[in-house]
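**Q** To be precise about what I am sending: the file is called coords.cif and holds mmCIF, C-alpha atoms and all ligand atoms.
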data_start
loop_
_atom_site.label_atom_id
_atom_site.label_comp_id
_atom_site.auth_asym_id
_atom_site.auth_seq_id
_atom_site.Cartn_x
_atom_site.Cartn_y
_atom_site.Cartn_z
CA MET A 1489 -1.63 7.15 43.52
CA THR A 1490 0.54 5.32 41.03
CA PRO A 1491 -0.69 5.95 37.48
CA GLU A 1492 -2.08 2.91 35.66
CA PRO A 1493 -0.43 2.20 32.29
CA PRO A 1494 -2.79 1.67 29.33
CA PRO A 1495 -3.26 -1.87 27.97
CA THR A 1496 -0.39 -3.15 25.88
CA ARG A 1497 -0.78 -5.37 22.85
CA PRO A 1498 -0.94 -8.97 24.07
CA PHE A 1499 2.04 -11.27 24.30
CA VAL A 1500 1.83 -13.35 21.11
CA LEU A 1501 2.83 -17.00 21.23
CA ILE A 1502 2.83 -19.09 18.05
CA SER A 1503 2.35 -22.77 18.85
CA ALA A 1504 2.86 -25.28 16.05
CA ALA A 1505 3.89 -28.84 15.34
CA MET A 1506 5.70 -29.73 12.14
CA SER A 1507 7.33 -32.71 10.47
CA VAL A 1508 11.10 -32.89 10.08
CA ASP A 1509 10.61 -31.56 6.52
CA GLY A 1510 8.67 -28.52 7.79
CA HIS A 1511 5.06 -29.51 7.03
CA ILE A 1512 2.16 -28.81 9.40
CA ASP A 1513 -0.25 -31.13 7.54
CA ASP A 1514 -0.39 -33.40 4.51
CA THR A 1515 -2.67 -33.13 1.46
CA SER A 1516 -5.24 -35.72 2.59
CA PRO A 1517 -8.68 -34.49 3.74
CA GLU A 1518 -8.13 -35.69 7.34
CA ARG A 1519 -5.96 -33.65 9.64
CA LEU A 1520 -2.49 -35.14 10.01
CA LEU A 1521 -1.62 -35.93 13.63
CA LEU A 1522 1.89 -34.63 14.22
CA SER A 1523 1.90 -34.52 18.02
CA CYS A 1524 2.46 -37.44 20.38
CA ALA A 1525 0.23 -37.78 23.47
CA GLU A 1526 2.71 -35.89 25.67
CA ASP A 1527 2.79 -33.02 23.19
CA PHE A 1528 -1.02 -32.76 23.01
CA ASP A 1529 -0.96 -32.48 26.79
CA ARG A 1530 1.77 -29.80 26.70
CA VAL A 1531 -0.25 -27.73 24.20
CA ASP A 1532 -3.36 -28.08 26.34
CA ALA A 1533 -1.43 -26.75 29.38
CA LEU A 1534 -0.13 -23.90 27.23
CA ARG A 1535 -3.68 -23.04 26.11
CA ALA A 1536 -4.84 -22.96 29.73
CA GLU A 1537 -2.29 -20.22 30.46
CA CYS A 1538 -3.58 -17.92 27.70
CA ASP A 1539 -6.49 -15.49 27.58
CA ALA A 1540 -7.32 -16.01 23.91
CA ILE A 1541 -6.63 -18.50 21.15
CA LEU A 1542 -6.56 -17.56 17.46
CA VAL A 1543 -6.83 -19.51 14.21
CA GLY A 1544 -7.34 -18.52 10.59
CA ALA A 1545 -10.60 -19.18 8.79
CA GLY A 1546 -8.88 -21.79 6.59
CA THR A 1547 -7.92 -23.87 9.64
CA LEU A 1548 -11.42 -23.45 11.03
CA ARG A 1549 -13.03 -24.73 7.81
CA ALA A 1550 -10.54 -27.58 7.31
CA ASP A 1551 -10.22 -28.91 10.88
CA ASP A 1552 -13.49 -27.72 12.48
CA PRO A 1553 -11.78 -27.37 15.91
CA ARG A 1554 -13.48 -26.43 19.19
CA LEU A 1555 -10.31 -24.78 20.58
CA GLU A 1556 -11.11 -25.99 24.08
CA VAL A 1557 -8.87 -26.44 27.08
CA ARG A 1558 -9.45 -30.20 27.21
CA GLY A 1559 -8.32 -30.93 30.75
CA ALA A 1560 -11.25 -30.40 33.16
CA ALA A 1561 -8.77 -29.85 36.03
CA ARG A 1562 -7.08 -27.12 33.99
CA ARG A 1563 -10.41 -25.38 33.36
CA GLU A 1564 -11.23 -25.60 37.06
CA ALA A 1565 -7.80 -24.17 37.93
CA ARG A 1566 -8.52 -21.22 35.62
CA VAL A 1567 -11.78 -20.53 37.41
CA ALA A 1568 -10.01 -20.83 40.80
CA ARG A 1569 -7.53 -18.18 39.57
CA GLY A 1570 -10.42 -15.85 38.76
CA LEU A 1571 -10.19 -16.43 34.99
CA PRO A 1572 -13.05 -17.45 32.69
CA GLU A 1573 -13.33 -21.23 32.23
CA HIS A 1574 -12.91 -20.90 28.45
CA LEU A 1575 -10.52 -18.77 26.40
CA LEU A 1576 -11.76 -16.05 24.10
CA LYS A 1577 -11.84 -17.84 20.73
CA VAL A 1578 -10.68 -15.66 17.85
CA VAL A 1579 -10.92 -16.28 14.11
CA LEU A 1580 -9.11 -14.18 11.49
CA ALA A 1581 -11.14 -14.28 8.28
CA GLY A 1582 -10.02 -12.71 4.99
CA HIS A 1583 -13.57 -12.91 3.61
CA GLY A 1584 -16.98 -14.34 4.41
CA GLY A 1585 -18.08 -17.94 4.07
CA LEU A 1586 -18.01 -19.27 7.61
CA SER A 1587 -20.75 -21.84 8.17
CA ALA A 1588 -22.92 -21.43 11.26
CA GLU A 1589 -22.64 -25.23 11.62
CA LEU A 1590 -18.93 -25.15 12.56
CA ARG A 1591 -18.38 -26.71 15.99
CA LEU A 1592 -16.48 -23.69 17.32
CA TRP A 1593 -19.61 -21.51 17.49
CA HIS A 1594 -21.39 -24.12 19.60
CA SER A 1595 -18.50 -24.68 22.05
CA GLY A 1596 -17.90 -22.84 25.34
CA GLY A 1597 -16.68 -19.27 25.73
CA PRO A 1598 -17.05 -16.07 23.72
CA LYS A 1599 -16.10 -15.97 20.00
CA LEU A 1600 -14.68 -13.05 18.06
CA VAL A 1601 -14.22 -12.88 14.29
CA LEU A 1602 -11.80 -10.25 12.95
CA ALA A 1603 -12.04 -9.48 9.23
CA PRO A 1604 -11.51 -6.71 6.67
CA ASP A 1605 -14.28 -4.11 6.96
CA ALA A 1606 -15.82 -5.15 3.62
CA ALA A 1607 -16.38 -8.72 4.88
CA VAL A 1608 -18.02 -7.67 8.16
CA PRO A 1609 -21.68 -7.32 7.02
CA GLY A 1610 -21.66 -10.73 5.28
CA LEU A 1611 -20.08 -12.47 8.30
CA ARG A 1612 -22.57 -10.85 10.66
CA ALA A 1613 -25.42 -12.12 8.48
CA GLU A 1614 -23.93 -15.64 8.43
CA LEU A 1615 -23.18 -15.88 12.13
CA GLY A 1616 -25.84 -13.78 13.83
CA ALA A 1617 -25.47 -14.03 17.60
CA LEU A 1618 -22.95 -16.91 17.39
CA ALA A 1619 -19.93 -14.56 17.31
CA GLU A 1620 -18.97 -10.91 17.56
CA VAL A 1621 -17.61 -9.67 14.20
CA VAL A 1622 -15.19 -6.71 14.14
CA GLY A 1623 -13.49 -5.00 11.18
CA THR A 1624 -9.71 -4.41 11.03
CA GLY A 1625 -9.78 -1.75 8.29
CA VAL A 1626 -9.31 -2.20 4.54
CA GLU A 1627 -7.13 -5.28 5.07
CA LEU A 1628 -6.81 -8.10 7.55
CA ASP A 1629 -4.45 -6.13 9.79
CA PRO A 1630 -2.73 -8.19 12.53
CA ALA A 1631 -1.70 -5.08 14.52
CA ARG A 1632 -5.30 -3.84 14.60
CA ALA A 1633 -6.39 -7.35 15.55
CA LEU A 1634 -4.03 -7.23 18.55
CA ASP A 1635 -5.33 -3.78 19.53
CA ALA A 1636 -8.89 -5.15 19.45
CA LEU A 1637 -7.80 -8.01 21.73
CA ALA A 1638 -5.95 -5.65 24.12
CA ALA A 1639 -9.14 -3.62 24.43
CA ARG A 1640 -10.92 -6.84 25.48
CA GLY A 1641 -8.38 -7.47 28.25
CA VAL A 1642 -6.34 -10.14 26.42
CA ARG A 1643 -2.78 -10.24 27.75
CA ARG A 1644 -1.59 -13.53 26.34
CA LEU A 1645 -2.62 -14.79 22.91
CA MET A 1646 -1.94 -18.22 21.48
CA VAL A 1647 -1.81 -18.36 17.67
CA GLU A 1648 -2.44 -21.92 16.51
CA GLY A 1649 -2.33 -21.52 12.75
CA GLY A 1650 -2.50 -22.23 9.96
CA GLY A 1651 0.61 -21.34 8.02
CA ALA A 1652 -0.68 -18.12 6.44
CA ILE A 1653 -1.68 -16.77 9.86
CA GLN A 1654 1.75 -17.67 11.29
CA SER A 1655 3.42 -15.76 8.44
CA LEU A 1656 1.01 -12.82 8.79
CA PHE A 1657 2.03 -12.24 12.43
CA LEU A 1658 5.71 -13.13 11.97
CA THR A 1659 6.31 -10.87 8.96
CA ALA A 1660 4.51 -8.03 10.78
CA GLY A 1661 7.03 -8.43 13.62
CA LEU A 1662 4.27 -9.03 16.14
CA VAL A 1663 5.32 -12.38 17.63
CA ASP A 1664 7.02 -12.69 21.02
CA GLU A 1665 7.61 -16.41 21.20
CA ILE A 1666 7.43 -19.49 18.99
CA GLN A 1667 6.97 -22.99 20.40
CA LEU A 1668 7.67 -25.44 17.61
CA ALA A 1669 7.31 -29.17 18.22
CA VAL A 1670 9.12 -31.33 15.64
CA ALA A 1671 7.62 -34.74 14.85
CA PRO A 1672 10.09 -37.49 13.87
CA PHE A 1673 8.83 -38.17 10.36
CA PHE A 1674 8.65 -36.74 6.84
CA VAL A 1675 5.51 -35.72 4.97
CA GLY A 1676 7.29 -35.66 1.63
CA GLU A 1677 4.59 -33.88 -0.38
CA ALA A 1678 5.56 -30.65 -2.11
CA ALA A 1679 1.96 -29.38 -1.98
CA ALA A 1680 1.50 -30.08 1.77
CA PRO A 1681 1.05 -26.98 3.97
CA ARG A 1682 4.26 -25.63 5.49
CA PHE A 1683 5.07 -23.89 8.76
CA ALA A 1684 5.18 -20.11 8.12
CA PRO A 1685 5.21 -20.26 4.28
CA ALA A 1686 6.56 -17.42 2.14
CA VAL A 1687 3.93 -14.69 1.76
CA GLY A 1688 5.85 -12.17 -0.35
CA LYS A 1689 7.03 -10.15 2.66
CA PRO A 1690 10.39 -10.45 4.42
CA PHE A 1691 10.62 -12.08 7.84
CA PRO A 1692 12.30 -9.75 10.37
CA GLN A 1693 13.77 -12.91 11.96
CA ASP A 1694 16.25 -13.44 9.09
CA ALA A 1695 19.87 -14.64 8.98
CA ALA A 1696 21.11 -11.22 10.06
CA HIS A 1697 18.61 -11.11 12.96
CA ARG A 1698 18.70 -14.55 14.49
CA MET A 1699 16.11 -15.42 17.09
CA THR A 1700 17.12 -16.30 20.65
CA LEU A 1701 16.77 -19.98 21.48
CA LEU A 1702 14.94 -20.17 24.82
CA GLY A 1703 14.91 -23.94 25.10
CA ALA A 1704 15.02 -27.32 23.35
CA GLU A 1705 13.36 -30.15 25.22
CA PRO A 1706 12.71 -33.74 24.19
CA LEU A 1707 9.07 -34.75 24.77
CA GLY A 1708 7.99 -38.29 23.95
CA ASP A 1709 9.48 -38.91 20.49
CA MET A 1710 9.39 -35.18 19.66
CA VAL A 1711 11.50 -32.15 20.49
CA VAL A 1712 10.00 -28.80 21.49
CA LEU A 1713 11.96 -25.76 20.36
CA ARG A 1714 11.24 -22.40 22.00
CA TYR A 1715 12.37 -19.15 20.41
CA ALA A 1716 12.05 -15.52 21.44
CA ALA A 1717 10.98 -13.98 18.14
CA ARG A 1718 11.83 -10.37 19.15
CA ARG A 1719 9.18 -7.97 18.01
CA ALA A 1720 9.94 -5.50 15.25
CA ASP A 1721 8.27 -2.74 17.24
CA ALA A 1722 10.74 -3.18 20.18
CA SER A 1723 12.58 0.09 19.44
CA ARG A 1724 9.37 2.13 19.26
CA VAL A 1725 8.13 3.98 22.35
CA THR A 1726 4.53 2.94 22.99
CA ALA A 1727 1.83 4.49 25.15
CA ALA A 1728 2.34 1.60 27.57
CA ASP A 1729 6.07 2.45 27.78
CA LEU A 1730 5.22 6.00 28.79
CA GLY A 1731 2.74 4.66 31.34
CA TRP A 1732 5.36 2.38 32.90
CA MET A 1733 7.97 5.13 32.86
CA ARG A 1734 5.56 7.30 34.84
CA VAL A 1735 5.31 4.45 37.35
CA ALA A 1736 9.14 4.45 37.56
CA ILE A 1737 9.25 8.25 38.00
CA ASP A 1738 6.66 7.92 40.75
CA LEU A 1739 8.91 5.34 42.44
CA SER A 1740 11.91 7.68 42.18
CA ARG A 1741 10.00 10.18 44.32
CA GLN A 1742 9.91 7.59 47.14
CA CYS A 1743 13.73 7.47 47.44
CA PRO A 1744 15.15 8.58 50.80
CA PRO A 1745 16.81 11.98 50.18
CA SER A 1746 20.55 12.11 49.39
CA GLU A 1747 23.06 14.86 48.59
CA SER A 1748 25.49 12.47 46.92
CA ALA A 1749 23.37 10.08 44.82
CA TYR A 1750 20.51 10.22 42.33
CA SER A 1751 16.94 9.25 43.09
CA VAL A 1752 15.92 6.63 40.53
CA GLY A 1753 12.93 4.33 40.04
CA ALA A 1754 12.88 1.06 38.09
CA VAL A 1755 10.21 -1.47 37.07
CA VAL A 1756 10.60 -4.82 35.31
CA VAL A 1757 7.58 -5.69 33.15
CA ALA A 1758 6.84 -8.94 31.29
CA ALA A 1759 5.98 -8.82 27.59
CA ASP A 1760 2.29 -9.35 28.40
CA GLY A 1761 2.24 -6.17 30.49
CA THR A 1762 2.43 -7.92 33.88
CA GLU A 1763 4.71 -6.29 36.43
CA ILE A 1764 7.50 -8.62 37.62
CA ALA A 1765 9.26 -6.34 40.16
CA ARG A 1766 9.93 -2.72 41.07
CA GLY A 1767 12.54 -0.87 43.09
CA PHE A 1768 14.03 2.53 43.89
CA SER A 1769 17.34 3.97 45.06
CA ARG A 1770 18.23 3.49 48.75
CA GLU A 1771 15.17 1.29 49.19
CA SER A 1772 14.71 -0.32 52.64
CA GLY A 1773 17.43 1.79 54.25
CA ASP A 1774 20.42 0.52 52.20
CA ASP A 1775 22.02 3.82 51.15
CA LYS A 1776 24.12 2.08 48.47
CA VAL A 1777 21.39 0.20 46.63
CA HIS A 1778 20.45 1.35 43.09
CA ALA A 1779 16.90 1.16 41.73
CA GLU A 1780 17.59 -1.44 39.02
CA GLU A 1781 19.62 -3.52 41.50
CA SER A 1782 16.78 -3.37 44.01
CA ALA A 1783 14.15 -4.44 41.44
CA LEU A 1784 16.34 -7.23 40.01
CA GLY A 1785 17.14 -8.45 43.54
CA LYS A 1786 13.47 -9.34 43.99
CA ILE A 1787 13.34 -11.53 40.88
CA ASP A 1788 13.95 -15.25 40.48
CA LEU A 1789 16.52 -15.14 37.66
CA ALA A 1790 15.14 -18.46 36.34
CA ASP A 1791 11.82 -16.71 35.55
CA PRO A 1792 11.30 -17.51 31.82
CA ARG A 1793 9.54 -14.18 31.27
CA LEU A 1794 12.80 -12.25 31.72
CA ARG A 1795 14.06 -12.99 28.17
CA THR A 1796 11.16 -11.05 26.70
CA ALA A 1797 10.75 -8.52 29.54
CA THR A 1798 11.44 -4.77 29.58
CA ILE A 1799 13.15 -2.88 32.39
CA TYR A 1800 12.15 0.77 32.85
CA SER A 1801 14.63 3.00 34.64
CA THR A 1802 14.32 6.75 35.09
CA LEU A 1803 18.11 7.08 34.69
CA GLU A 1804 20.62 5.40 32.37
CA PRO A 1805 21.80 2.21 34.17
CA CYS A 1806 25.30 2.62 35.63
CA SER A 1807 28.35 1.06 33.94
CA VAL A 1808 30.85 1.45 36.81
CA ARG A 1809 30.39 0.93 40.55
CA ALA A 1810 32.78 1.44 43.42
CA SER A 1811 30.56 -0.07 46.12
CA ARG A 1812 29.38 -3.26 44.35
CA PRO A 1813 31.02 -5.94 42.19
CA SER A 1814 28.62 -5.42 39.24
CA PRO A 1815 27.14 -2.21 37.80
CA CYS A 1816 23.42 -2.19 36.94
CA ALA A 1817 24.04 -2.54 33.17
CA GLU A 1818 25.84 -5.81 33.96
CA LEU A 1819 23.03 -6.98 36.29
CA ILE A 1820 20.46 -6.35 33.53
CA ARG A 1821 22.59 -8.27 31.04
CA SER A 1822 22.99 -11.20 33.47
CA ALA A 1823 19.22 -11.31 34.01
CA GLY A 1824 18.79 -11.76 30.24
CA ILE A 1825 16.49 -8.76 29.87
CA GLY A 1826 16.61 -7.71 26.23
CA ARG A 1827 14.81 -4.36 26.29
CA VAL A 1828 15.73 -1.32 28.38
CA VAL A 1829 13.72 1.91 28.47
CA LEU A 1830 15.22 4.98 30.14
CA ALA A 1831 14.09 8.58 30.56
CA TRP A 1832 17.27 10.46 31.29
CA ARG A 1833 20.97 9.96 30.47
CA GLU A 1834 23.33 10.25 33.43
CA PRO A 1835 25.06 13.65 33.51
CA ALA A 1836 28.82 13.72 34.24
CA LEU A 1837 28.43 14.55 37.92
CA PHE A 1838 29.32 11.49 40.01
CA VAL A 1839 30.74 9.44 37.13
CA ALA A 1840 32.82 11.06 34.36
CA ASP A 1841 31.15 9.25 31.46
CA CYS A 1842 28.43 6.65 31.99
CA GLN A 1843 28.65 3.87 29.40
CA GLY A 1844 25.46 2.06 30.48
CA VAL A 1845 23.68 2.39 27.12
CA GLU A 1846 26.79 1.33 25.18
CA LEU A 1847 27.34 -1.71 27.43
CA LEU A 1848 23.72 -2.81 27.07
CA GLU A 1849 23.67 -2.36 23.30
CA GLN A 1850 26.93 -4.29 22.95
CA SER A 1851 25.29 -7.19 24.78
CA GLY A 1852 22.43 -7.20 22.25
CA ALA A 1853 19.77 -5.35 24.23
CA THR A 1854 17.41 -2.84 22.61
CA VAL A 1855 17.72 0.49 24.44
CA VAL A 1856 14.92 3.02 24.04
CA GLU A 1857 14.69 6.54 25.45
CA THR A 1858 11.56 8.49 26.37
CA PRO A 1859 12.67 12.10 25.76
CA THR A 1860 9.19 13.45 26.55
CA LEU A 1861 9.63 12.27 30.15
CA ALA A 1862 13.32 13.22 30.59
CA GLU A 1863 12.54 16.55 32.23
CA GLU A 1864 10.13 14.94 34.70
CA ALA A 1865 12.75 12.32 35.66
CA ARG A 1866 15.45 15.00 35.99
CA ALA A 1867 13.23 17.25 38.11
CA VAL A 1868 13.18 14.62 40.89
CA ASN A 1869 16.96 15.24 41.12
CA ALA A 1870 16.76 19.02 40.72
CA HIS A 1871 18.78 19.63 43.90
CA LEU A 1872 21.75 17.75 42.36
CA VAL A 1873 21.75 18.99 38.76
ZN ZN A 1901 23.23 1.35 39.06
#
Turn the structure described in the file into structure tokens.
**A**
Amino acid sequence: MTPEPPPTRPFVLISAAMSVDGHIDDTSPERLLLSCAEDFDRVDALRAECDAILVGAGTLRADDPRLEVRGAARREARVARGLPEHLLKVVLAGHGGLSAELRLWHSGGPKLVLAPDAAVPGLRAELGALAEVVGTGVELDPARALDALAARGVRRLMVEGGGAIQSLFLTAGLVDEIQLAVAPFFVGEAAAPRFAPAVGKPFPQDAAHRMTLLGAEPLGDMVVLRYAARRADASRVTAADLGWMRVAIDLSRQCPPSESAYSVGAVVVAADGTEIARGFSRESGDDKVHAEESALGKIDLADPRLRTATIYSTLEPCSVRASRPSPCAELIRSAGIGRVVLAWREPALFVADCQGVELLEQSGATVVETPTLAEEARAVNAHLV
């Protein structure tokens, strides 16, 4: 039985539209329409692919949104895929004062309000059975909010705003991707709300840590920019990492025996915790194939999830190969995978000095080791070392 990894924090996607001068609204009481028809449709399709949608209480009070997937065909397609028709609707509230009359509470799907512990009793009194209210500790803690969502099975979260909520998640280093649609006009009001305004905390995505541009596509009269925001917790080993590494170690035990090569397992996992592919050494009778090579060989390299995916390998990926044109470190780099987790560094047995980690780090990847599982990964190769 392959062990099941624990739930990971959801993949966090910030979706926003802004004017050329960086505003997400103007100062008038009505909501400013930034998106063109094509962009509204794109955002609706994006919503339909998520498990939950989150807004701040300010946006909820100002815009009174329902946060629905508007396309009936998209809702039906969700049901056909075994998903609920409606997303889990999440509100982050710094304090009480949410009217029971807001349209969200009377729209489809479950509602969850996350707030500092002190605000919880007041919100429960205001909302009654309209929403579940959960505390995030002394403060409005975005990491605890994500843990609460993970526990409810949320794998993909769409954060729709407003600005303070965008900054809260971005400065905490908890965002995987930003989709920013730029409208071809100026707002020109200094007091108008901005995209991700300054909140007195540094952004980890600063000039020294530039984000990766995933795409720039014209849409109607707008352009949609997509960035991988690279989470600040990428170099930390999580419980989910250990769970996936155990899956990889389990795979390494399935390798056909060899006296001249290591037994290695590898798994490629998307940022939302979905497995993309797995492989092991000498899989399907090819006595030259490496685990990472086998897993990567099963992947469509155009899969957009690869840029934010993690590859788990029980052994440091190789940097030199006699039997193939590209070593595994090079294959991982070519696939665009930015995070590599390994259990055990290659000893100088078959290769004098493996440079896999160095090669990957030079190409900008984050390499993480799981020392607590090194012995378990090595033990599979006990007859060699
Ligand atoms: Zn290799």
**Q** Which residue out of A:Asn1869, A:Ser1772, A:Thr1854, A:Ser1782 has the minimum interatomic distance to ligand ZN 1901 (chain A) when all atoms listed in the file are used?
**A** A:Ser1782
**Q** List as a list in words the protein and nucleic acid residues lying within 8 Å of ligand ZN 1901 (chain A), with only C-alpha atoms and all ligand atoms counted.
**A**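 Selection of residues at most 8 Å from ligand ZN 1901 (chain A): Val1777, His1778, Ala1779, Glu1780, Glu1781, Pro1805, Cys1806, Ser1807, Val1808, Arg1809, Pro1815, Cys1816 and Ala1817 of chain A.
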**Q** Kindly provide the residues of range 1648-1718 of chain A that approach range 1511-1534 of chain A to within 6 Å, each paired with its closest atom pair and their distance in Å to one decimal, based on all atoms listed in the file, listed by chain and increasing number, as CSV.
**A**
residue,atom,partner,partner_atom,distance
A:Ala1671,CA,A:Leu1522,CA,5.8
A:Ala1680,CA,A:Asp1514,CA,4.7
A:Pro1681,CA,A:Asp1513,CA,5.6
A:Arg1682,CA,A:His1511,CA,4.3
A:Phe1683,CA,A:Ile1512,CA,5.8
**Q** Residues near range 1660-1669 of chain A, anyone? I mean within 7 Å using only C-alpha atoms, not counting same-chain ones fewer than 5 positions away, as a PDB file with C-alpha atoms, keeping the file's coordinate frame.
**A**
ATOM      1  CA  PHE A1499       2.040 -11.270  24.300  1.00  0.00           C
ATOM      2  CA  VAL A1500       1.830 -13.350  21.110  1.00  0.00           C
ATOM      3  CA  LEU A1501       2.830 -17.000  21.230  1.00  0.00           C
ATOM      4  CA  ILE A1502       2.830 -19.090  18.050  1.00  0.00           C
ATOM      5  CA  SER A1503       2.350 -22.770  18.850  1.00  0.00           C
ATOM      6  CA  ALA A1504       2.860 -25.280  16.050  1.00  0.00           C
ATOM      7  CA  ALA A1505       3.890 -28.840  15.340  1.00  0.00           C
ATOM      8  CA  MET A1506       5.700 -29.730  12.140  1.00  0.00           C
ATOM      9  CA  PRO A1692      12.300  -9.750  10.370  1.00  0.00           C
ATOM     10  CA  MET A1710       9.390 -35.180  19.660  1.00  0.00           C
ATOM     11  CA  VAL A1711      11.500 -32.150  20.490  1.00  0.00           C
ATOM     12  CA  VAL A1712      10.000 -28.800  21.490  1.00  0.00           C
ATOM     13  CA  LEU A1713      11.960 -25.760  20.360  1.00  0.00           C
ATOM     14  CA  ARG A1714      11.240 -22.400  22.000  1.00  0.00           C
ATOM     15  CA  TYR A1715      12.370 -19.150  20.410  1.00  0.00           C
ATOM     16  CA  ALA A1716      12.050 -15.520  21.440  1.00  0.00           C
ATOM     17  CA  ALA A1717      10.980 -13.980  18.140  1.00  0.00           C
ATOM     18  CA  ARG A1718      11.830 -10.370  19.150  1.00  0.00           C
ATOM     19  CA  ARG A1719       9.180  -7.970  18.010  1.00  0.00           C
ATOM     20  CA  ALA A1720       9.940  -5.500  15.250  1.00  0.00           C
ATOM     21  CA  ASP A1721       8.270  -2.740  17.240  1.00  0.00           C
TER      22      ASP A1721
END
**Q** Give me the residues within 9 Å of Glu1614 in chain A as an MDAnalysis selection string, counting all atoms listed in the file and dropping any in the same chain fewer than 3 places off.
**A** chainID A and resid 1584:1588 1609:1611
**Q** Just how far from CA of Gln1850 in chain A is CA of Val1735 in chain A, in Å to one decimal?
**A**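 The value is 27.4 Å.
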**Q** Using all atoms listed in the file, which residue out of A:Ala1565, A:Ala1810, A:Glu1864, A:Leu1634 lies closest to Asp1738 in chain A?
**A**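 Using all atoms listed in the file, the shortest distance to Asp1738 in chain A belongs to A:Glu1864.
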**Q** To one decimal place, how far is CA of Glu1537 in chain A from CA of Gly1641 in chain A in Å?
**A**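 Separating CA of Glu1537 in chain A from CA of Gly1641 in chain A is a distance of 14.3 Å.
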**Q** Could you work out how far CA of Arg1866 in chain A lies from CA of Gln1742 in chain A, giving the answer in Å with one decimal?
**A**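 Between CA of Gln1742 in chain A and CA of Arg1866 in chain A the gap works out to 14.5 Å.
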**Q** Of the candidates A:Ala1619, A:Ala1636, A:Leu1580, A:Leu1571, which shows the shortest atom-to-atom distance to Lys1599 in chain A, using only C-alpha atoms?
**A**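 So, comparing all the options, the nearest one is A:Ala1619.
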**Q** Return the single residue from A:Arg1562, A:His1697, A:Arg1795, A:His1594 that is closest to Arg1821 in chain A, with distances computed using all atoms listed in the file.
**A**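 Ranked by minimum distance to Arg1821 in chain A, first place goes to A:Arg1795.
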**Q** Need the shell around Ala1797 in chain A: protein/DNA/RNA residues with any atom at most 7 Å away, counting all atoms listed in the file. Skip same-chain ones fewer than 6 positions apart. Format as a CSV table (one decimal) with C-alpha atoms, in the frame of the given file?
**A**
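Resulting contents of around-v4.csv:
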chain,number,residue,atom,x,y,z
A,1756,VAL,CA,10.6,-4.8,35.3
A,1757,VAL,CA,7.6,-5.7,33.2
A,1758,ALA,CA,6.8,-8.9,31.3
A,1759,ALA,CA,6.0,-8.8,27.6
A,1825,ILE,CA,16.5,-8.8,29.9
A,1826,GLY,CA,16.6,-7.7,26.2
A,1827,ARG,CA,14.8,-4.4,26.3
**Q** From the list A:Asp1709, A:Asp1635, A:Asp1552, A:Asp1539, which residue is nearest Pro1598 in chain A when using all atoms listed in the file?
**A** A:Asp1539
**Q** So, with all atoms listed in the file as the atoms that count, which of A:Ala1536, A:Ala1736, A:Ala1823, A:Val1755 lies closest to Gly1559 in chain A?
**A**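 Nearest to Gly1559 in chain A: A:Ala1536.
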**Q** Go ahead and fit an axis-aligned box to every listed atom of range 1734-1742 of chain A plus 5 Å each side, and pass me the centre and edge lengths in Å, one decimal, as JSON.
**A**
{"center_x": 8.6, "center_y": 7.3, "center_z": 41.0, "size_x": 16.6, "size_y": 15.7, "size_z": 22.3}
**Q** Need the shell around Pro1744 in chain A: protein/DNA/RNA residues with any atom at most 12 Å away, counting only C-alpha atoms. Skip same-chain ones fewer than 4 positions apart. Format as number ranges by chain?
**A** A: 1739-1740, 1748-1753, 1768-1779, 1868-1869
**Q** May I have the residues within 12 Å of Asp1788 in chain A as number ranges by chain, using only C-alpha atoms and disregarding those fewer than 6 positions away in the same chain?
**A** A: 1764-1765, 1794, 1823-1824
**Q** Using the block above, I'd like range 1764-1789 of chain A written out, keeping C-alpha atoms and formatting it as a PDB file, in the first residue's frame.
**A**
ATOM      1  CA  ILE A1764       1.321  14.560 -12.365  1.00  0.00           C
ATOM      2  CA  ALA A1765       3.537  11.477 -12.943  1.00  0.00           C
ATOM      3  CA  ARG A1766       5.703   8.902 -11.188  1.00  0.00           C
ATOM      4  CA  GLY A1767       8.534   6.606 -12.187  1.00  0.00           C
ATOM      5  CA  PHE A1768      11.318   4.351 -10.934  1.00  0.00           C
ATOM      6  CA  SER A1769      14.695   3.086 -12.115  1.00  0.00           C
ATOM      7  CA  ARG A1770      14.679   0.373 -14.818  1.00  0.00           C
ATOM      8  CA  GLU A1771      10.913   0.732 -15.132  1.00  0.00           C
ATOM      9  CA  SER A1772       9.226  -1.376 -17.857  1.00  0.00           C
ATOM     10  CA  GLY A1773      12.336  -3.448 -18.518  1.00  0.00           C
ATOM     11  CA  ASP A1774      14.642  -0.637 -19.768  1.00  0.00           C
ATOM     12  CA  ASP A1775      17.750  -1.271 -17.659  1.00  0.00           C
ATOM     13  CA  LYS A1776      19.157   2.185 -18.483  1.00  0.00           C
ATOM     14  CA  VAL A1777      16.172   4.334 -17.527  1.00  0.00           C
ATOM     15  CA  HIS A1778      16.446   6.561 -14.421  1.00  0.00           C
ATOM     16  CA  ALA A1779      13.486   7.289 -12.139  1.00  0.00           C
ATOM     17  CA  GLU A1780      13.260  11.033 -12.882  1.00  0.00           C
ATOM     18  CA  GLU A1781      13.655  10.344 -16.614  1.00  0.00           C
ATOM     19  CA  SER A1782      10.883   7.758 -16.461  1.00  0.00           C
ATOM     20  CA  ALA A1783       8.484  10.106 -14.614  1.00  0.00           C
ATOM     21  CA  LEU A1784       9.277  13.082 -16.877  1.00  0.00           C
ATOM     22  CA  GLY A1785       8.849  10.888 -19.968  1.00  0.00           C
ATOM     23  CA  LYS A1786       5.175  10.449 -19.075  1.00  0.00           C
ATOM     24  CA  ILE A1787       4.501  14.193 -18.920  1.00  0.00           C
ATOM     25  CA  ASP A1788       3.322  16.581 -21.623  1.00  0.00           C
ATOM     26  CA  LEU A1789       6.026  19.251 -21.297  1.00  0.00           C
TER      27      LEU A1789
END
